[in-house]
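Next comes coords_16.csv, a file with CSV, C-alpha atoms and all ligand atoms.
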chain,number,residue,atom,x,y,z
N,1,MET,CA,13.7,38.6,-4.8
N,2,THR,CA,14.1,35.9,-7.5
N,3,ASP,CA,11.7,33.0,-7.7
N,4,ASN,CA,14.4,30.7,-6.2
N,5,GLU,CA,15.1,33.0,-3.2
N,6,TYR,CA,11.4,33.3,-2.6
N,7,GLN,CA,11.0,29.5,-2.6
N,8,GLU,CA,13.9,29.1,-0.2
N,9,ALA,CA,12.5,31.9,2.1
N,10,GLY,CA,9.1,30.3,2.0
N,11,ALA,CA,10.4,26.9,2.8
N,12,ALA,CA,12.3,27.9,5.9
N,13,GLY,CA,11.3,25.4,8.6
N,14,TYR,CA,8.9,23.5,6.4
N,15,HIS,CA,9.8,19.9,5.5
N,16,CYS,CA,8.5,17.9,2.7
N,17,GLY,CA,9.6,14.6,1.2
N,18,PHE,CA,9.0,11.0,0.2
N,19,VAL,CA,8.7,8.1,2.6
N,20,ALA,CA,8.7,4.5,1.6
N,21,ILE,CA,6.9,1.8,3.7
N,22,VAL,CA,8.5,-1.6,3.3
N,23,GLY,CA,8.3,-4.9,5.0
N,24,ARG,CA,7.4,-8.5,4.4
N,25,PRO,CA,3.7,-9.3,3.6
N,26,ASN,CA,1.1,-9.0,6.3
N,27,VAL,CA,3.1,-6.8,8.8
N,28,GLY,CA,0.6,-4.0,8.4
N,29,LYS,CA,2.1,-1.6,5.8
N,30,SER,CA,-1.2,-0.8,4.1
N,31,THR,CA,-3.0,-0.4,7.4
N,32,LEU,CA,-0.2,1.9,8.6
N,33,MET,CA,-0.5,4.1,5.5
N,34,ASN,CA,-4.2,4.3,5.7
N,35,HIS,CA,-4.1,5.5,9.2
N,36,LEU,CA,-1.3,8.0,8.6
N,37,ILE,CA,-3.3,9.6,5.8
N,38,GLY,CA,-6.7,9.2,7.4
N,39,GLN,CA,-8.4,7.7,4.3
N,40,LYS,CA,-8.6,4.4,2.7
N,41,VAL,CA,-6.6,4.4,-0.6
N,42,SER,CA,-4.6,1.2,-0.3
N,43,ILE,CA,-6.3,-2.1,0.0
N,44,THR,CA,-5.9,-4.4,3.0
N,45,SER,CA,-6.9,-8.0,3.6
N,46,LYS,CA,-5.9,-10.9,5.7
N,47,LYS,CA,-4.4,-12.6,2.7
N,48,ALA,CA,-0.7,-11.8,2.0
N,49,GLN,CA,0.5,-9.8,-0.9
N,50,THR,CA,-2.5,-7.7,-1.8
N,51,THR,CA,-0.6,-4.6,-2.6
N,52,ARG,CA,0.6,-4.6,-6.2
N,53,HIS,CA,0.7,-0.9,-7.2
N,54,ARG,CA,2.7,1.8,-5.6
N,55,VAL,CA,0.2,4.1,-4.0
N,56,HIS,CA,1.1,7.6,-2.9
N,57,GLY,CA,-0.6,8.7,0.2
N,58,ILE,CA,-0.2,12.3,1.4
N,59,HIS,CA,-0.3,13.6,4.9
N,60,THR,CA,0.0,17.4,5.5
N,61,GLU,CA,0.7,19.1,8.8
N,62,PRO,CA,1.3,22.9,9.4
N,63,ASP,CA,5.1,22.4,9.3
N,64,ALA,CA,5.5,19.2,7.1
N,65,GLN,CA,4.2,17.2,4.2
N,66,PHE,CA,4.8,13.5,4.1
N,67,VAL,CA,4.3,11.7,0.7
N,68,PHE,CA,4.1,8.0,1.4
N,69,VAL,CA,4.9,5.3,-1.1
N,70,ASP,CA,3.4,1.9,-0.4
N,71,THR,CA,5.7,-0.8,-1.6
N,72,PRO,CA,4.7,-4.4,-2.3
N,73,GLY,CA,6.1,-7.0,0.1
N,74,PHE,CA,8.4,-9.7,-1.0
N,75,GLN,CA,7.0,-13.0,-2.1
N,76,THR,CA,9.3,-15.9,-1.7
N,77,HIS,CA,6.8,-18.7,-2.4
N,78,HIS,CA,5.5,-17.5,-5.7
N,79,LYS,CA,7.9,-17.3,-8.6
N,80,GLY,CA,7.4,-15.9,-12.1
N,81,ALA,CA,7.5,-12.7,-14.1
N,82,LEU,CA,5.0,-11.0,-11.8
N,83,ASN,CA,7.3,-11.5,-8.8
N,84,GLU,CA,10.4,-10.2,-10.5
N,85,VAL,CA,8.4,-7.1,-11.4
N,86,LEU,CA,7.3,-6.6,-7.8
N,87,ASN,CA,10.8,-7.1,-6.4
N,88,ARG,CA,12.3,-4.6,-8.9
N,89,SER,CA,9.7,-2.1,-7.9
N,90,VAL,CA,10.8,-2.4,-4.2
N,91,LYS,CA,14.4,-1.6,-5.1
N,92,GLU,CA,13.5,1.3,-7.4
N,93,THR,CA,11.2,2.9,-4.8
N,94,LEU,CA,13.9,2.7,-2.1
N,95,GLY,CA,16.4,4.5,-4.3
N,96,GLN,CA,14.1,7.5,-4.7
N,97,VAL,CA,12.9,8.4,-1.2
N,98,ASP,CA,14.1,10.5,1.8
N,99,CYS,CA,13.2,8.1,4.5
N,100,VAL,CA,12.3,4.4,4.7
N,101,LEU,CA,10.0,2.9,7.2
N,102,PHE,CA,10.9,-0.8,7.7
N,103,VAL,CA,7.8,-2.4,9.3
N,104,ILE,CA,7.9,-5.6,11.3
N,105,GLU,CA,5.5,-7.2,13.7
N,106,ALA,CA,6.2,-7.0,17.4
N,107,MET,CA,7.9,-10.2,18.8
N,108,ARG,CA,8.2,-11.7,15.3
N,109,TRP,CA,11.6,-11.4,13.6
N,110,THR,CA,11.4,-13.9,10.9
N,111,GLY,CA,13.6,-15.1,8.0
N,112,ALA,CA,11.3,-13.3,5.6
N,113,ASP,CA,12.0,-10.0,7.5
N,114,ARG,CA,15.8,-10.6,7.4
N,115,GLU,CA,15.7,-11.3,3.7
N,116,LEU,CA,14.8,-7.7,3.1
N,117,LEU,CA,17.7,-6.2,5.0
N,118,PRO,CA,20.1,-6.3,2.0
N,119,LEU,CA,17.6,-4.3,0.0
N,120,LEU,CA,17.6,-1.4,2.5
N,121,PRO,CA,19.5,1.7,1.4
N,122,ARG,CA,22.7,2.7,3.1
N,123,ASN,CA,22.6,6.5,2.5
N,124,THR,CA,19.0,7.1,3.5
N,125,PRO,CA,17.7,6.9,7.1
N,126,VAL,CA,15.8,3.7,7.7
N,127,MET,CA,13.4,3.8,10.7
N,128,LEU,CA,12.4,0.5,12.4
N,129,VAL,CA,8.7,0.5,12.9
N,130,VAL,CA,7.6,-2.2,15.3
N,131,ASN,CA,3.9,-2.7,14.5
N,132,LYS,CA,1.1,-4.6,16.3
N,133,LEU,CA,2.1,-3.2,19.7
N,134,ASP,CA,-1.3,-4.2,21.0
N,135,LYS,CA,-0.2,-7.8,20.7
N,136,ALA,CA,2.9,-7.4,22.7
N,137,LYS,CA,1.9,-7.3,26.4
N,138,ASP,CA,5.3,-7.9,27.9
N,139,ARG,CA,7.2,-4.6,27.7
N,140,LEU,CA,10.5,-6.0,28.9
N,141,ALA,CA,10.4,-8.7,26.3
N,142,LEU,CA,9.5,-6.1,23.7
N,143,SER,CA,12.5,-4.0,24.6
N,144,GLU,CA,14.8,-7.1,24.4
N,145,PHE,CA,13.2,-8.0,21.0
N,146,ILE,CA,14.0,-4.5,19.7
N,147,ASP,CA,17.6,-4.8,20.8
N,148,THR,CA,18.0,-8.1,19.0
N,149,VAL,CA,16.6,-6.6,15.7
N,150,ARG,CA,18.8,-3.6,16.0
N,151,GLN,CA,21.9,-5.8,16.0
N,152,ASP,CA,21.1,-6.9,12.5
N,153,PHE,CA,20.9,-3.4,10.9
N,154,ALA,CA,21.9,0.2,11.6
N,155,PHE,CA,18.5,1.7,11.9
N,156,ALA,CA,18.4,5.5,12.3
N,157,ASP,CA,15.7,5.2,14.9
N,158,VAL,CA,12.9,3.0,16.3
N,159,GLU,CA,9.2,3.5,17.0
N,160,VAL,CA,6.6,1.1,18.3
N,161,VAL,CA,3.1,1.6,16.9
N,162,SER,CA,-0.2,0.0,16.4
N,163,ALA,CA,-1.3,0.8,12.9
N,164,LYS,CA,-4.7,-0.8,13.4
N,165,HIS,CA,-5.5,1.1,16.6
N,166,GLY,CA,-3.8,4.4,15.5
N,167,GLN,CA,-1.4,4.3,18.5
N,168,ARG,CA,1.9,6.3,18.5
N,169,LEU,CA,1.5,7.4,14.9
N,170,ALA,CA,2.1,11.1,15.8
N,171,GLU,CA,5.4,10.0,17.6
N,172,LEU,CA,6.4,8.2,14.5
N,173,LEU,CA,5.7,11.2,12.2
N,174,ALA,CA,7.7,13.4,14.6
N,175,LYS,CA,10.7,11.2,14.1
N,176,VAL,CA,10.3,11.1,10.3
N,177,ARG,CA,9.9,14.9,9.9
N,178,PRO,CA,13.5,15.9,10.4
N,179,THR,CA,14.6,13.4,7.8
N,180,LEU,CA,12.7,15.2,5.1
N,181,PRO,CA,14.4,18.0,3.2
N,182,GLU,CA,13.4,21.6,3.8
N,183,SER,CA,11.0,22.3,1.0
N,184,MET,CA,7.6,23.8,0.2
N,185,PRO,CA,4.8,21.3,0.1
N,186,LEU,CA,4.6,19.4,-3.2
N,187,TYR,CA,0.9,18.8,-3.2
N,188,PRO,CA,-2.2,20.9,-2.1
N,189,GLU,CA,-2.9,20.3,1.5
N,190,ASP,CA,-6.3,18.7,1.1
N,191,MET,CA,-5.0,16.1,-1.3
N,192,VAL,CA,-4.5,12.5,0.1
N,193,THR,CA,-3.5,10.7,-3.0
N,194,ASP,CA,-2.2,11.5,-6.5
N,195,LYS,CA,-3.9,8.4,-7.9
N,196,SER,CA,-6.9,9.0,-10.1
N,197,GLU,CA,-10.4,7.9,-9.3
N,198,ARG,CA,-10.1,5.5,-12.2
N,199,PHE,CA,-7.2,3.8,-10.4
N,200,LEU,CA,-9.0,3.8,-7.1
N,201,ALA,CA,-12.1,2.2,-8.7
N,202,GLY,CA,-9.9,-0.8,-9.8
N,203,GLU,CA,-8.3,-1.1,-6.3
N,204,ILE,CA,-11.8,-1.2,-4.7
N,205,VAL,CA,-12.9,-4.1,-6.9
N,206,ARG,CA,-9.6,-5.9,-6.2
N,207,GLU,CA,-10.1,-5.5,-2.5
N,208,LYS,CA,-13.6,-7.1,-2.7
N,209,LEU,CA,-12.1,-10.0,-4.7
N,210,PHE,CA,-9.6,-10.7,-1.9
N,211,ARG,CA,-12.3,-10.3,0.7
N,212,TYR,CA,-14.9,-12.7,-0.9
N,213,LEU,CA,-12.7,-15.2,-2.6
N,214,GLY,CA,-10.1,-15.7,0.2
N,215,GLU,CA,-8.2,-18.9,-0.3
N,216,GLU,CA,-10.0,-19.7,-3.5
N,217,LEU,CA,-8.5,-16.6,-5.1
N,218,PRO,CA,-6.4,-17.2,-8.2
N,219,TYR,CA,-3.1,-15.4,-7.6
N,220,SER,CA,-2.7,-14.8,-11.3
N,221,MET,CA,-5.8,-12.5,-11.4
N,222,ASN,CA,-5.9,-8.9,-12.3
N,223,VAL,CA,-8.4,-6.1,-12.6
N,224,GLU,CA,-8.7,-3.7,-15.5
N,225,VAL,CA,-10.9,-0.6,-15.5
N,226,GLU,CA,-12.1,-0.6,-19.1
N,227,GLN,CA,-14.2,2.5,-18.9
N,228,PHE,CA,-14.5,5.4,-16.5
N,229,GLU,CA,-16.9,8.2,-17.7
N,230,LEU,CA,-18.5,11.1,-15.9
N,231,ASP,CA,-22.1,11.5,-17.1
N,232,GLY,CA,-23.2,14.6,-15.2
N,233,ALA,CA,-22.8,13.7,-11.5
N,234,LEU,CA,-23.0,10.0,-12.4
N,235,ARG,CA,-19.8,7.9,-12.8
N,236,ARG,CA,-20.2,5.0,-15.3
N,237,ILE,CA,-17.5,2.5,-14.6
N,238,HIS,CA,-16.8,-0.8,-16.4
N,239,VAL,CA,-14.4,-3.2,-14.7
N,240,ALA,CA,-13.0,-6.5,-16.1
N,241,ILE,CA,-11.6,-9.2,-13.8
N,242,LEU,CA,-9.0,-11.1,-15.7
N,243,VAL,CA,-8.3,-14.7,-14.8
N,244,ASP,CA,-6.2,-17.3,-16.6
N,245,LYS,CA,-8.5,-20.3,-16.6
N,246,GLU,CA,-12.1,-21.0,-17.5
N,247,GLY,CA,-12.5,-22.8,-14.1
N,248,GLN,CA,-11.4,-19.7,-12.2
N,249,LYS,CA,-14.0,-17.7,-14.0
N,250,SER,CA,-16.8,-19.7,-12.5
N,251,ILE,CA,-15.3,-19.4,-9.0
N,252,VAL,CA,-15.3,-15.6,-9.3
N,253,ILE,CA,-18.9,-15.6,-10.6
N,254,GLY,CA,-20.2,-18.1,-8.0
N,255,LYS,CA,-23.4,-20.1,-7.9
N,256,GLY,CA,-26.1,-18.3,-9.9
N,257,GLY,CA,-23.8,-15.2,-10.1
N,258,GLU,CA,-24.1,-14.7,-6.3
N,259,LYS,CA,-20.4,-13.9,-5.7
N,260,LEU,CA,-19.9,-11.5,-8.5
N,261,LYS,CA,-23.1,-9.7,-7.5
N,262,LYS,CA,-21.9,-9.3,-4.0
N,263,ILE,CA,-18.5,-8.1,-5.1
N,264,SER,CA,-19.9,-5.5,-7.5
N,265,THR,CA,-22.6,-4.3,-5.1
N,266,GLU,CA,-20.1,-3.7,-2.3
N,267,ALA,CA,-17.6,-2.2,-4.6
N,268,ARG,CA,-20.2,0.2,-5.9
N,269,LEU,CA,-21.2,1.3,-2.4
N,270,ASP,CA,-17.5,1.9,-1.5
N,271,MET,CA,-17.0,3.9,-4.7
N,272,GLU,CA,-20.1,6.1,-4.0
N,273,LYS,CA,-18.7,6.8,-0.6
N,274,LEU,CA,-15.2,7.6,-1.8
N,275,PHE,CA,-16.3,9.7,-4.8
N,276,ASP,CA,-19.2,11.3,-3.0
N,277,GLY,CA,-21.6,10.6,-5.9
N,278,LYS,CA,-23.7,8.0,-7.7
N,279,VAL,CA,-21.9,5.2,-9.5
N,280,PHE,CA,-23.2,2.8,-12.3
N,281,LEU,CA,-20.8,-0.1,-12.1
N,282,GLN,CA,-20.5,-3.1,-14.4
N,283,VAL,CA,-18.1,-5.9,-13.5
N,284,TRP,CA,-17.4,-8.9,-15.6
N,285,VAL,CA,-14.9,-11.8,-15.7
N,286,LYS,CA,-12.6,-12.5,-18.7
N,287,VAL,CA,-10.2,-15.3,-19.3
N,288,LYS,CA,-6.7,-14.4,-20.4
N,289,SER,CA,-4.5,-17.5,-20.4
N,290,GLY,CA,-0.9,-17.4,-19.3
N,291,TRP,CA,-0.8,-13.7,-18.5
N,292,ALA,CA,1.0,-14.0,-15.2
N,293,ASP,CA,4.2,-14.9,-17.0
N,294,ASP,CA,3.8,-12.5,-19.8
N,295,VAL,CA,5.9,-9.4,-19.1
N,296,ARG,CA,4.5,-7.5,-22.0
N,297,PHE,CA,1.0,-8.0,-20.6
N,298,LEU,CA,2.2,-6.6,-17.2
N,299,LYS,CA,3.6,-3.6,-19.0
N,300,GLN,CA,0.3,-2.9,-20.6
N,301,PHE,CA,-1.3,-2.7,-17.1
N,302,GLY,CA,1.4,-0.3,-15.7
N,303,LEU,CA,2.7,-3.0,-13.4
N,304,ASP,CA,6.2,-2.9,-14.8
N,401,LIG,N1,-3.4,-6.6,16.0
N,401,LIG,C1,-3.0,-5.8,15.0
N,401,LIG,N2,-3.2,-6.2,13.7
N,401,LIG,C2,-2.8,-5.3,12.8
N,401,LIG,C3,-2.2,-4.1,13.1
N,401,LIG,N3,-1.9,-3.5,11.9
N,401,LIG,C4,-2.3,-4.3,10.9
N,401,LIG,N4,-2.9,-5.4,11.4
N,401,LIG,C5,-3.5,-6.5,10.7
N,401,LIG,O1,-2.5,-7.2,9.9
N,401,LIG,C6,-3.1,-7.7,8.7
N,401,LIG,C7,-2.2,-7.3,7.5
N,401,LIG,O2,-2.3,-5.9,7.4
N,401,LIG,P1,-1.9,-5.2,6.0
N,401,LIG,O3,-2.0,-3.7,6.2
N,401,LIG,O4,-2.8,-5.7,4.9
N,401,LIG,O5,-0.5,-5.7,5.7
N,401,LIG,P2,0.6,-5.4,4.6
N,401,LIG,O6,1.9,-5.4,5.2
N,401,LIG,O7,0.2,-4.2,3.8
N,401,LIG,O8,0.4,-6.7,3.7
N,401,LIG,P3,0.8,-7.0,2.1
N,401,LIG,O9,-0.2,-6.1,1.3
N,401,LIG,O10,0.4,-8.4,2.0
N,401,LIG,O11,2.2,-6.7,1.9
N,401,LIG,C8,-4.5,-7.2,8.6
N,401,LIG,O12,-5.4,-8.2,9.0
N,401,LIG,C9,-4.5,-6.0,9.6
N,401,LIG,O13,-5.8,-5.7,10.1
N,401,LIG,C10,-2.0,-3.7,14.5
N,401,LIG,O14,-1.5,-2.7,14.9
N,401,LIG,N5,-2.5,-4.7,15.4

Reformat the file's structure so that it appears as structure tokens.
Amino acid sequence: MTDNEYQEAGAAGYHCGFVAIVGRPNVGKSTLMNHLIGQKVSITSKKAQTTRHRVHGIHTEPDAQFVFVDTPGFQTHHKGALNEVLNRSVKETLGQVDCVLFVIEAMRWTGADRELLPLLPRNTPVMLVVNKLDKAKDRLALSEFIDTVRQDFAFADVEVVSAKHGQRLAELLAKVRPTLPESMPLYPEDMVTDKSERFLAGEIVREKLFRYLGEELPYSMNVEVEQFELDGALRRIHVAILVDKEGQKSIVIGKGGEKLKKISTEARLDMEKLFDGKVFLQVWVKVKSGWADDVRFLKQFGLD
């Protein structure tokens, strides 16, 4: 038997492929992926547009492996180089997957949702995922709502779920499975993400910023992991928060350094839980003026 024949024989009945999760900001894409893979790798917050990086989440079953790609939502209110980069990333991702999950909120079919329809691929199955089922009490109205949405695009199938409460996710996966090619698993079965600990450390700090700064948060802010070192079982991590104005720096630091202290303490505790070991974390704030419109700067951070 050649290697190729062996691979094919081994793959019989096993499905493995890439699934993109798309939708306008705040419909619950990150929550959905977190629940599907059973571990927190993508950040969530009440504030829109918190997902900037594409994060792979992996879910393995005895007969299938789902590799999820979390795509940033569209931002219509915020222009600039950063947004163009985000939008390009959506299109690129959709061209490379086996199945697209188009997520919307139950009973809310908005202009911002419709705006995404032209971006959806024609040659790849697109599943309509109606999230926040827990908020839709009237089942007849929900069924009429779904009929209305289906008139606007030829979705391959529909599933209603509650990402937050983990409802009907097995049903959703059962519908996705046949759309994935027959293939051996691409990743080891205990792996939930192909992102490095270094990347995850940055994501955790970013999540705390969203949580504790809320509306005060400068949109043009970024997080850079400057150092990530293993010292025996201890991880030494240095993180810089980059803002574009001096005034924003003091907002992040807070009165007497309170806010920054809270952000770094909570981030450290989350990291220790995720990495299962002690973490020495240093977080500081730096001013980098005008970076949001500097594409070269975005490239440097792997955002391009
Ligand atoms: N009631 C309810 N709320 C949900 C559900 N799923 C997600 N949410 C909430 O919706 C909000 C947005 O969820 P996210 O997962 O951050 O949304 P997102 O689509 O990834 O948002 P962006 O990163 O801005 O694109 C959060 O407050 C979630 O807790 C659900 O099934 N029911």

Original post:
Between atom CA of Lys175 of chain N and atom CA of Asp152 of chain N, what is the distance, to one decimal in Å?
Top reply: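 Between these atoms lies a distance of 20.9 Å.
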
**OP:** Quick one: everything within 8 Å of Leu36 of chain N, counting all atoms listed in the file, minus sequence neighbours fewer than 3 positions away in the same chain. Send it as a PyMOL selection string.
**Re:** chain N and resi 32-33+59+169

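For the pair atom CA of Cys16 of chain N and atom CA of Ile58 of chain N, the separation is 10.4 Å.
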
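Taking only C-alpha atoms into account, the polymer residues that have an atom no farther than 9 Å from (14.3, 1.5, 0.5) are Val19, Ala20, Ile21, Val22, Val90, Lys91, Glu92, Thr93, Leu94, Gly95, Gln96, Val97, Cys99, Val100, Leu101, Phe102, Leu119, Leu120, Pro121, Arg122, Thr124 and Val126 of chain N.
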
Mind writing the picked residues with C-alpha atoms as a compact mmCIF listing (two decimals), in the frame of the given file?
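part_8.txt, written as the output of this step:
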# COMPACT_ATOMS: atom_id res chain seq x y z
CA VAL N 19 8.70 8.10 2.60
CA ALA N 20 8.70 4.50 1.60
CA ILE N 21 6.90 1.80 3.70
CA VAL N 22 8.50 -1.60 3.30
CA VAL N 90 10.80 -2.40 -4.20
CA LYS N 91 14.40 -1.60 -5.10
CA GLU N 92 13.50 1.30 -7.40
CA THR N 93 11.20 2.90 -4.80
CA LEU N 94 13.90 2.70 -2.10
CA GLY N 95 16.40 4.50 -4.30
CA GLN N 96 14.10 7.50 -4.70
CA VAL N 97 12.90 8.40 -1.20
CA CYS N 99 13.20 8.10 4.50
CA VAL N 100 12.30 4.40 4.70
CA LEU N 101 10.00 2.90 7.20
CA PHE N 102 10.90 -0.80 7.70
CA LEU N 119 17.60 -4.30 0.00
CA LEU N 120 17.60 -1.40 2.50
CA PRO N 121 19.50 1.70 1.40
CA ARG N 122 22.70 2.70 3.10
CA THR N 124 19.00 7.10 3.50
CA VAL N 126 15.80 3.70 7.70

**OP:** For atom CA of Gln282 of chain N and atom CA of Ile237 of chain N, determine how far apart the two atoms are, in Å to one decimal place.
**Re:**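 Pair atom CA of Gln282 of chain N / atom CA of Ile237 of chain N returns 6.4 Å.
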
**OP:** Mind checking which residues fall within 12 Å of Ala163 of chain N, counting all atoms listed in the file, ignoring those fewer than 2 positions away in the same chain, and posting them as an MDAnalysis selection string?
**Re:** chainID N and resid 27:38 103:106 129:135 159:161 165:170 172

Subject >> Best match for closeness to ligand LIG 401 (chain N) among N:Ile253, N:Leu242, N:Val67, N:Ala136, counting all atoms listed in the file >> reply: N:Ala136

Original post:
Closest to ligand LIG 401 (chain N) among N:Lys164, N:Val69, N:Asp157, N:Gly111, using only C-alpha atoms and all ligand atoms?
Top reply: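 Going through N:Lys164, N:Val69, N:Asp157, N:Gly111 one by one, the smallest distance to ligand LIG 401 (chain N) is for N:Lys164.
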
Subject >> Among the residues N:Glu207, N:Gln227, N:Asp147, N:Met184, the one that comes closest to ligand LIG 401 (chain N) [using all atoms listed in the file] >> reply: N:Glu207

**OP:** Would you kindly identify which residues have an atom no farther than 10 Å from (-15.5, -18.4, -7.9), using only C-alpha atoms and the file's own coordinates, and write them out as a PyMOL selection string?
**Re:** chain N and resi 209+212-213+216-218+247-255+257-260

Original post:
Taking all atoms listed in the file into account, which of N:Phe210, N:Gln65, N:Pro181, N:Leu117 comes nearest ligand LIG 401 (chain N)?
Top reply: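 Ranking N:Phe210, N:Gln65, N:Pro181, N:Leu117 by distance to ligand LIG 401 (chain N), first place goes to N:Phe210.
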
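Of the listed residues (N:Phe153, N:Phe68, N:Phe280, N:Phe145), N:Phe153 comes nearest to Leu116 of chain N; the distances count all atoms listed in the file.
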
Subject >> Selected residue, from N:Ser143, N:Thr110, N:Thr148, N:Thr179, that lies nearest to Pro125 of chain N when counting all atoms listed in the file >> reply: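 Looking only at the distances to Pro125 of chain N, the closest residue turns out to be N:Thr179.
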
**OP:** Can you pull out every residue within 7 Å of Leu281 of chain N, counting all atoms listed in the file, but drop anything in the same chain fewer than 6 positions away, and send it as a PyMOL selection string?
**Re:** chain N and resi 236-238+268
